[in-house]
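Reading through the structure tokens given below for one structure.
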Amino acid sequence: MAYSSEINRKADEILRERRNSALRQQEMTKEKIFAQIPRLGEIERQLQVIGAQTAKAVLRRKDAVENAKSLSEKSLALQKESRELLFNNGYSKDVLEPKFTCPICKDTGKYDDEKGRTVRCECLKKLRAKIACEELNKVSPLSLCSFDNFSLKYYDMDVQEGYTTSPYDRMSKIFDYCKKYAENFSLNSPSLMMKGATGLGKTHLSLSIANEVINKGFGV
């Protein structure tokens, strides 16, 4: 199954707050710099007017191309003046732009790819996985359990009476099976049942699988 609606809601809330925070900070920065350099405020207002005029020009058939070209030239000239004013006053050229946590989706969780398709951003996938892990951590030591920190050194290499293989060899096979199970996990994967005495590694391996499949986008 996919992540729960609660995890998706929490991720959306975090992204929304990130974006709003970036926009609030942008407005504060503009207010400060425009007070210092009033001409920059005038340029921004002129660019907004040109943007509206350009949209209208595109809708008109008569002289649409010529009008749009003229407006574009004015816009480029104003943008150049803005960059020069910022540079001359010791600011970077992008100081007035919002500083989003994710520059790819601008903290919306989605963006249009090169084919024009709206796709889910990698930052949203990672955020959902992080929240899912945090939720599972509340009831189990998920953060402490992974395949990387599962140690086979605690298993006896000697073959015990009544067995043909050692505990070490048996656990090595179980470990490899669980790791491959997690790597190839899908909605069609069969269920697993682990049984045995306390302290043999059932919980650690179960949570190691959970860690892997959560990061693949499955609810656990």
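Quick note on naming: the chains in the structure tokens go A, B, ... in the order shown, residues restart at 1 in each chain, and ligands are numbered from 1 in order of appearance.
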Next item on the list: Mind checking which residues fall within 8 Å of Arg19 of chain A, counting only C-alpha atoms, ignoring those fewer than 3 positions away in the same chain, and posting them as a PyMOL selection string?
Entry: chain A and resi 15-16+22-23+100-101+106-108
Convert the current residue selection to file output with C-alpha atoms, as a compact mmCIF listing (two decimals), in the first residue's frame.
# COMPACT_ATOMS: atom_id res chain seq x y z
CA LEU A 15 5.92 21.82 2.21
CA ARG A 16 3.25 24.50 2.47
CA ALA A 22 10.29 31.51 1.88
CA LEU A 23 7.72 33.94 0.47
CA PHE A 100 12.91 27.80 -1.42
CA THR A 101 14.13 24.67 0.35
CA LYS A 106 9.76 25.57 -5.28
CA ASP A 107 8.35 23.68 -2.28
CA THR A 108 5.15 22.63 -4.04
Margin query: For Arg128 of chain A, find every residue with an atom within 12 Å (counting only C-alpha atoms), except residues of its own chain fewer than 4 positions away, and show them as a PyMOL selection string.
Written below: chain A and resi 2-15+109+120-124+132-135+214-219
Could you write those residues out with C-alpha atoms, as an mmCIF file, in the first residue's frame?
data_model
loop_
_atom_site.group_PDB
_atom_site.id
_atom_site.type_symbol
_atom_site.label_atom_id
_atom_site.label_comp_id
_atom_site.auth_asym_id
_atom_site.auth_seq_id
_atom_site.Cartn_x
_atom_site.Cartn_y
_atom_site.Cartn_z
ATOM 1 C CA ALA A 2 1.024 3.628 -0.408
ATOM 2 C CA TYR A 3 1.650 6.033 2.443
ATOM 3 C CA SER A 4 -1.356 6.749 4.633
ATOM 4 C CA SER A 5 -3.441 9.886 4.145
ATOM 5 C CA GLU A 6 -2.121 11.176 7.484
ATOM 6 C CA ILE A 7 1.506 10.923 6.327
ATOM 7 C CA ASN A 8 0.623 12.620 3.037
ATOM 8 C CA ARG A 9 -1.207 15.377 4.925
ATOM 9 C CA LYS A 10 1.772 16.005 7.208
ATOM 10 C CA ALA A 11 4.147 16.148 4.245
ATOM 11 C CA ASP A 12 1.881 18.620 2.423
ATOM 12 C CA GLU A 13 1.689 20.797 5.533
ATOM 13 C CA ILE A 14 5.475 20.885 5.878
ATOM 14 C CA LEU A 15 5.919 21.822 2.214
ATOM 15 C CA GLY A 109 6.046 18.929 -4.242
ATOM 16 C CA ARG A 120 6.091 14.352 -8.090
ATOM 17 C CA CYS A 121 9.301 15.926 -6.817
ATOM 18 C CA GLU A 122 11.993 13.840 -5.173
ATOM 19 C CA CYS A 123 11.878 16.139 -2.123
ATOM 20 C CA LEU A 124 8.253 15.125 -1.480
ATOM 21 C CA ALA A 132 6.779 7.394 7.806
ATOM 22 C CA CYS A 133 10.019 6.396 9.549
ATOM 23 C CA GLU A 134 9.362 8.832 12.392
ATOM 24 C CA GLU A 135 5.860 7.423 12.874
ATOM 25 C CA ILE A 214 9.342 2.673 3.313
ATOM 26 C CA ASN A 215 11.967 4.370 1.179
ATOM 27 C CA LYS A 216 10.432 2.712 -1.886
ATOM 28 C CA GLY A 217 7.141 4.496 -1.132
ATOM 29 C CA PHE A 218 5.204 1.737 0.607
ATOM 30 C CA GLY A 219 3.287 2.131 3.838
#
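Rounded to one decimal, atom CA of Leu96 of chain A and atom CA of Lys126 of chain A lie 28.3 Å from each other.
One finds atom CA of Ser72 of chain A at 8.2 Å from atom CA of Ile50 of chain A.
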Margin query: Rounded to one decimal, what separation in Å do you get between atom CA of Glu97 of chain A and atom CA of Glu27 of chain A?
Written below: 9.4 Å
Next item on the list: Give me the residues within 9 Å of Ser146 of chain A as a PyMOL selection string, counting only C-alpha atoms and dropping any in the same chain fewer than 2 places off.
Entry: chain A and resi 142-144+148-150+204-205+207-212
Residue subset to file, keeping N, CA and C atoms, as a PDB file, in the first residue's frame:
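The resulting file, again.pdb, is shown below:
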ATOM      1  N   LEU A 142      13.031   1.606  14.785  1.00  0.00           N
ATOM      2  CA  LEU A 142      13.318   1.524  13.353  1.00  0.00           C
ATOM      3  C   LEU A 142      14.666   2.147  13.000  1.00  0.00           C
ATOM      4  N   SER A 143      14.966   3.301  13.617  1.00  0.00           N
ATOM      5  CA  SER A 143      16.192   4.016  13.260  1.00  0.00           C
ATOM      6  C   SER A 143      17.449   3.241  13.636  1.00  0.00           C
ATOM      7  N   LEU A 144      17.304   2.262  14.519  1.00  0.00           N
ATOM      8  CA  LEU A 144      18.468   1.490  14.963  1.00  0.00           C
ATOM      9  C   LEU A 144      18.668   0.223  14.151  1.00  0.00           C
ATOM     10  N   ASP A 148      22.622  -2.856   7.112  1.00  0.00           N
ATOM     11  CA  ASP A 148      24.031  -2.479   7.256  1.00  0.00           C
ATOM     12  C   ASP A 148      24.575  -2.726   8.661  1.00  0.00           C
ATOM     13  N   ASN A 149      23.713  -2.569   9.675  1.00  0.00           N
ATOM     14  CA  ASN A 149      24.230  -2.762  11.031  1.00  0.00           C
ATOM     15  C   ASN A 149      23.782  -4.090  11.658  1.00  0.00           C
ATOM     16  N   PHE A 150      23.292  -4.999  10.830  1.00  0.00           N
ATOM     17  CA  PHE A 150      22.973  -6.351  11.316  1.00  0.00           C
ATOM     18  C   PHE A 150      24.266  -7.166  11.309  1.00  0.00           C
ATOM     19  N   HIS A 204      15.058  -7.186  14.352  1.00  0.00           N
ATOM     20  CA  HIS A 204      16.033  -6.397  13.588  1.00  0.00           C
ATOM     21  C   HIS A 204      15.831  -6.597  12.083  1.00  0.00           C
ATOM     22  N   LEU A 205      15.664  -7.836  11.655  1.00  0.00           N
ATOM     23  CA  LEU A 205      15.471  -8.101  10.229  1.00  0.00           C
ATOM     24  C   LEU A 205      14.132  -7.563   9.738  1.00  0.00           C
ATOM     25  N   LEU A 207      12.496  -4.953  10.889  1.00  0.00           N
ATOM     26  CA  LEU A 207      12.595  -3.500  10.771  1.00  0.00           C
ATOM     27  C   LEU A 207      13.550  -3.088   9.658  1.00  0.00           C
ATOM     28  N   SER A 208      14.537  -3.918   9.368  1.00  0.00           N
ATOM     29  CA  SER A 208      15.439  -3.633   8.248  1.00  0.00           C
ATOM     30  C   SER A 208      14.662  -3.682   6.932  1.00  0.00           C
ATOM     31  N   ILE A 209      13.770  -4.661   6.826  1.00  0.00           N
ATOM     32  CA  ILE A 209      12.900  -4.743   5.646  1.00  0.00           C
ATOM     33  C   ILE A 209      12.001  -3.512   5.588  1.00  0.00           C
ATOM     34  N   ALA A 210      11.436  -3.146   6.738  1.00  0.00           N
ATOM     35  CA  ALA A 210      10.552  -1.975   6.792  1.00  0.00           C
ATOM     36  C   ALA A 210      11.281  -0.715   6.333  1.00  0.00           C
ATOM     37  N   ASN A 211      12.518  -0.542   6.790  1.00  0.00           N
ATOM     38  CA  ASN A 211      13.318   0.618   6.383  1.00  0.00           C
ATOM     39  C   ASN A 211      13.448   0.704   4.866  1.00  0.00           C
ATOM     40  N   GLU A 212      13.720  -0.440   4.252  1.00  0.00           N
ATOM     41  CA  GLU A 212      13.915  -0.472   2.800  1.00  0.00           C
ATOM     42  C   GLU A 212      12.631  -0.146   2.050  1.00  0.00           C
TER      43      GLU A 212
END
Next item on the list: Could you give me the residues within segment 67-176 of chain A that DSSP places in alpha helix (DSSP H), as a PyMOL selection string?
Entry: chain A and resi 67-88+122-137+167-176
Next item on the list: Name all residues at most 9 Å from Leu200 of chain A (count only C-alpha atoms; drop same-chain ones fewer than 3 positions away) and give them as a list in words.
Entry: Tyr155, Met171, Gly196, Ala197, Thr203 and His204 of chain A
For the residues in the current selection, export N, CA and C atoms as a PDB file, in the first residue's frame.
ATOM      1  N   TYR A 155      26.568 -15.270  15.834  1.00  0.00           N
ATOM      2  CA  TYR A 155      26.059 -16.619  15.560  1.00  0.00           C
ATOM      3  C   TYR A 155      27.205 -17.626  15.500  1.00  0.00           C
ATOM      4  N   MET A 171      21.786 -18.424   9.514  1.00  0.00           N
ATOM      5  CA  MET A 171      21.404 -17.018   9.609  1.00  0.00           C
ATOM      6  C   MET A 171      21.899 -16.231   8.405  1.00  0.00           C
ATOM      7  N   GLY A 196      11.016 -18.023  16.277  1.00  0.00           N
ATOM      8  CA  GLY A 196      12.243 -18.474  16.925  1.00  0.00           C
ATOM      9  C   GLY A 196      12.348 -17.873  18.303  1.00  0.00           C
ATOM     10  N   ALA A 197      13.386 -18.266  19.011  1.00  0.00           N
ATOM     11  CA  ALA A 197      13.578 -17.794  20.380  1.00  0.00           C
ATOM     12  C   ALA A 197      13.925 -16.306  20.407  1.00  0.00           C
ATOM     13  N   THR A 203      13.266  -9.205  15.079  1.00  0.00           N
ATOM     14  CA  THR A 203      12.842  -7.801  15.062  1.00  0.00           C
ATOM     15  C   THR A 203      13.777  -6.954  14.205  1.00  0.00           C
ATOM     16  N   HIS A 204      15.058  -7.186  14.352  1.00  0.00           N
ATOM     17  CA  HIS A 204      16.033  -6.397  13.588  1.00  0.00           C
ATOM     18  C   HIS A 204      15.831  -6.597  12.083  1.00  0.00           C
TER      19      HIS A 204
END
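For the residues A:Leu47, A:Gln53, A:Asn89, A:Lys32, ranking by smallest atom-to-atom distance to Ala77 of chain A using only C-alpha atoms places A:Leu47 first.
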Margin query: Show me, as an MDAnalysis selection string, the residues that have an atom within 7 Å of Met157 of chain A when counting only C-alpha atoms, minus same-chain residues fewer than 2 positions from it.
Written below: chainID A and resid 155 159 166:168
